[in-house]
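The next block holds one structure in the form of structure tokens; read it before the comments.
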Amino acid sequence: MTVTSEQRFGEFVVVRRHEGQDHVAELVLDRPRAMNAVSTAMARSIGEACAALGADPGVRATVLTSSHDRAFCVGADLKERNSFTDAQLVRQRPTARAAYTGVLELPMPVVAAVHGFALGGGFELALACDVIVADRTAVVGLPEVSVGVIPGGGGTQLLPRRVGAARAAELVFTARRVEAAEARELGLVDELVDAGGAREAALALGGRIAANSPVGLRAAKRALRLGQGLDLRAGLEVEDAAWRSVAFSGDRAEGVAAFNEKRKPAWPGE
């Protein structure tokens, strides 16, 4: 896939656009010498990149990938953390949180392309996405209790929403690593593809998503996210509010017209 534009955020994060996929952004974790271990600088760059993507109305789907051939992301940079005083760790915490919430709060659909190791904070970055595509080399897990901490990038909240409270507890408490086939069986990842195929499959999925109404996509994501954990009546109110936000939009008018005229929609995005 031919790259048509590239914007770097700091040293370790790149946003790319590709020929034929004008409305799909690829958010690349690019610290290969450290298997994408998330340092303070990298966390800051992830947050900055997500802020830029969230403010770009032309992005209908984002795909989170890795430039390392054997890892998606191995989590927090423990070598850096080992040098921190308690005071430094406290000061670093908001920067670290901003990286994970940056991905989680992206307003458009986000697809993770996972290969190799996605551990700790690396798996939490994937969990912050809406859909996880993994290849058969993937190994995922939240091993934080084995080094004396807990998943602090959203893992204790996002994992049970995927797999249920008891399964999440077993995975967090044992700190075990889960290989690709079992990860798919347990629902830790959503789609399993052949080794080496995760990025291509995720970008293709991003392209299929981006063919749809940008207004509709963002409203649907908002309803899905805000409705989680609510009772049915409250969830339906969330859905109704999201419906009202799109019902009188230019995208709705164009979508209905295109359907009746049997043509491809030209979404105004408003």
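As shown in the structure tokens, the chain order sets the letters A, B, ...; within each chain, residues go from 1, and ligands are also counted from 1 in the order they appear.
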So which residues touch region 175-182 of chain A within 9 Å, counting only C-alpha atoms, skipping near sequence neighbours fewer than 2 positions away, as a PDB file with N, CA and C atoms, in the first residue's frame?
ATOM      1  N   LEU A 119       1.638  -6.831  25.255  1.00  0.00           N
ATOM      2  CA  LEU A 119       1.627  -7.151  26.676  1.00  0.00           C
ATOM      3  C   LEU A 119       1.496  -5.892  27.519  1.00  0.00           C
ATOM      4  N   ALA A 134      -5.789  -9.662  14.883  1.00  0.00           N
ATOM      5  CA  ALA A 134      -4.503 -10.233  15.282  1.00  0.00           C
ATOM      6  C   ALA A 134      -4.089 -11.309  14.296  1.00  0.00           C
ATOM      7  N   ASP A 135      -2.781 -11.486  14.160  1.00  0.00           N
ATOM      8  CA  ASP A 135      -2.313 -12.624  13.363  1.00  0.00           C
ATOM      9  C   ASP A 135      -1.881 -13.751  14.292  1.00  0.00           C
ATOM     10  N   ARG A 136      -1.490 -14.867  13.700  1.00  0.00           N
ATOM     11  CA  ARG A 136      -1.248 -16.071  14.493  1.00  0.00           C
ATOM     12  C   ARG A 136       0.051 -16.030  15.291  1.00  0.00           C
ATOM     13  N   THR A 137       0.826 -14.961  15.161  1.00  0.00           N
ATOM     14  CA  THR A 137       2.009 -14.792  16.008  1.00  0.00           C
ATOM     15  C   THR A 137       1.680 -14.045  17.297  1.00  0.00           C
ATOM     16  N   ALA A 138       0.461 -13.550  17.425  1.00  0.00           N
ATOM     17  CA  ALA A 138       0.117 -12.665  18.545  1.00  0.00           C
ATOM     18  C   ALA A 138       0.184 -13.392  19.883  1.00  0.00           C
ATOM     19  N   VAL A 139       0.709 -12.707  20.870  1.00  0.00           N
ATOM     20  CA  VAL A 139       0.719 -13.148  22.263  1.00  0.00           C
ATOM     21  C   VAL A 139       0.285 -11.948  23.095  1.00  0.00           C
ATOM     22  N   VAL A 140      -0.837 -12.082  23.802  1.00  0.00           N
ATOM     23  CA  VAL A 140      -1.388 -10.945  24.524  1.00  0.00           C
ATOM     24  C   VAL A 140      -1.475 -11.272  26.016  1.00  0.00           C
ATOM     25  N   GLY A 141      -1.570 -10.237  26.830  1.00  0.00           N
ATOM     26  CA  GLY A 141      -1.726 -10.452  28.255  1.00  0.00           C
ATOM     27  C   GLY A 141      -1.501  -9.189  29.050  1.00  0.00           C
ATOM     28  N   LEU A 142      -1.933  -9.248  30.312  1.00  0.00           N
ATOM     29  CA  LEU A 142      -1.757  -8.154  31.259  1.00  0.00           C
ATOM     30  C   LEU A 142      -0.941  -8.680  32.443  1.00  0.00           C
ATOM     31  N   PRO A 143       0.398  -8.634  32.352  1.00  0.00           N
ATOM     32  CA  PRO A 143       1.253  -9.252  33.367  1.00  0.00           C
ATOM     33  C   PRO A 143       1.650  -8.331  34.519  1.00  0.00           C
ATOM     34  N   GLU A 144       0.950  -7.223  34.703  1.00  0.00           N
ATOM     35  CA  GLU A 144       1.414  -6.199  35.640  1.00  0.00           C
ATOM     36  C   GLU A 144       1.585  -6.687  37.074  1.00  0.00           C
ATOM     37  N   VAL A 145       0.693  -7.572  37.560  1.00  0.00           N
ATOM     38  CA  VAL A 145       0.837  -7.994  38.965  1.00  0.00           C
ATOM     39  C   VAL A 145       2.121  -8.781  39.190  1.00  0.00           C
ATOM     40  N   SER A 146       2.713  -9.297  38.109  1.00  0.00           N
ATOM     41  CA  SER A 146       3.979 -10.034  38.255  1.00  0.00           C
ATOM     42  C   SER A 146       5.157  -9.104  38.500  1.00  0.00           C
ATOM     43  N   GLU A 170      -9.244 -13.856  36.153  1.00  0.00           N
ATOM     44  CA  GLU A 170      -8.270 -14.951  35.987  1.00  0.00           C
ATOM     45  C   GLU A 170      -7.047 -14.480  35.202  1.00  0.00           C
ATOM     46  N   LEU A 171      -7.274 -13.731  34.142  1.00  0.00           N
ATOM     47  CA  LEU A 171      -6.163 -13.283  33.304  1.00  0.00           C
ATOM     48  C   LEU A 171      -5.292 -12.262  34.021  1.00  0.00           C
ATOM     49  N   VAL A 172      -5.914 -11.347  34.737  1.00  0.00           N
ATOM     50  CA  VAL A 172      -5.141 -10.332  35.458  1.00  0.00           C
ATOM     51  C   VAL A 172      -4.414 -10.946  36.649  1.00  0.00           C
ATOM     52  N   PHE A 173      -5.084 -11.792  37.413  1.00  0.00           N
ATOM     53  CA  PHE A 173      -4.477 -12.340  38.630  1.00  0.00           C
ATOM     54  C   PHE A 173      -3.352 -13.325  38.336  1.00  0.00           C
ATOM     55  N   ARG A 184      -8.337 -15.584  20.484  1.00  0.00           N
ATOM     56  CA  ARG A 184      -9.541 -15.478  19.650  1.00  0.00           C
ATOM     57  C   ARG A 184     -10.705 -16.221  20.294  1.00  0.00           C
ATOM     58  N   GLU A 185     -10.436 -17.387  20.826  1.00  0.00           N
ATOM     59  CA  GLU A 185     -11.493 -18.187  21.457  1.00  0.00           C
ATOM     60  C   GLU A 185     -12.101 -17.463  22.656  1.00  0.00           C
ATOM     61  N   LEU A 186     -11.259 -16.770  23.428  1.00  0.00           N
ATOM     62  CA  LEU A 186     -11.728 -16.082  24.624  1.00  0.00           C
ATOM     63  C   LEU A 186     -12.333 -14.711  24.326  1.00  0.00           C
ATOM     64  N   GLY A 187     -12.157 -14.219  23.109  1.00  0.00           N
ATOM     65  CA  GLY A 187     -12.661 -12.897  22.776  1.00  0.00           C
ATOM     66  C   GLY A 187     -11.703 -11.774  23.101  1.00  0.00           C
ATOM     67  N   LEU A 188     -10.441 -12.112  23.363  1.00  0.00           N
ATOM     68  CA  LEU A 188      -9.432 -11.084  23.611  1.00  0.00           C
ATOM     69  C   LEU A 188      -9.078 -10.349  22.329  1.00  0.00           C
ATOM     70  N   VAL A 189      -9.226 -11.011  21.198  1.00  0.00           N
ATOM     71  CA  VAL A 189      -9.097 -10.386  19.878  1.00  0.00           C
ATOM     72  C   VAL A 189     -10.333 -10.767  19.086  1.00  0.00           C
ATOM     73  N   LEU A 192      -8.823 -13.245  13.604  1.00  0.00           N
ATOM     74  CA  LEU A 192      -7.515 -13.902  13.551  1.00  0.00           C
ATOM     75  C   LEU A 192      -7.170 -14.181  12.098  1.00  0.00           C
TER      76      LEU A 192
END
### Message
If you run DSSP on the backbone here, which positions in region 171-265 of chain A get helix (DSSP H, G or I)? Please write them as an MDAnalysis selection string.
### Response
chainID A and resid 171:174 180:186 198:210 214:227 232:247 250:260
### Task
Write out as number ranges by chain each polymer residue whose atoms come within 12 Å of Ser45 (chain A), counting only C-alpha atoms; drop sequence neighbours fewer than 4 positions from it.
A: 7-15, 27-31, 38-41, 49-52, 95-96, 98-100, 102-103
### Task
Go through A:Gly216, A:Gly58, A:Gly196, A:Gly164 one by one, measure the shortest atom-to-atom distance of each to Trp243 (chain A) using only C-alpha atoms, and give the residue with the smallest value.
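Among the listed residues, the smallest separation from Trp243 (chain A) belongs to A:Gly216.
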#### Entry: DSSP strand (DSSP E or B) residues within region 28-117 of chain A, listed as a ChimeraX atom specification
/A:28-29,38,61-66,71-73,76,110-114,117
### Query
So which residues touch Val59 (chain A) within 9 Å, counting only C-alpha atoms, skipping near sequence neighbours fewer than 6 positions away, as a ChimeraX atom specification?
/A:22-25,53,108,210,214
### Query
Between A:Leu104, A:Asp77, A:Glu6, A:Asp130, which is the closest to Ile209 (chain A) once you count only C-alpha atoms?
A:Asp130
#### Entry: Proximity to Thr174 (chain A) - best of A:Lys221, A:Arg91, A:Ala76, A:Val147, only C-alpha atoms
A:Val147
### Task
Show which residues sit within 12 Å of Gln157 (chain A), as a PyMOL selection string. Count only C-alpha atoms, and ignore same-chain residues fewer than 4 positions away.
chain A and resi 104+124+127-128+150-153+161-165+168-169+172+228-229
### Message
For a quick check of understanding, using only C-alpha atoms, which of A:Leu89, A:Leu232, A:Val110, A:Leu226 has the smallest distance to Gly206 (chain A)?
### Response
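Nearest candidate to Gly206 (chain A) out of A:Leu89, A:Leu232, A:Val110, A:Leu226: A:Val110.
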### Task
May I have the residues within 7 Å of Asp190 (chain A) as a PyMOL selection string, using only C-alpha atoms and disregarding those fewer than 5 positions away in the same chain?
chain A and resi 131-133+184
### Task
Between A:His18, A:Lys262, A:His68, A:Arg97, single out the one closest to His115 (chain A), counting only C-alpha atoms.
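Looking only at the distances to His115 (chain A), the closest residue turns out to be A:His68.
Between Gln92 (chain A) and the candidates A:Glu191, A:Arg222, A:Ala43, A:Val215, the tightest atom-to-atom separation, counting only C-alpha atoms, involves A:Ala43.
Distance-wise, CA of Glu48 (chain A) and CA of Ala118 (chain A) end up 21.7 Å apart.
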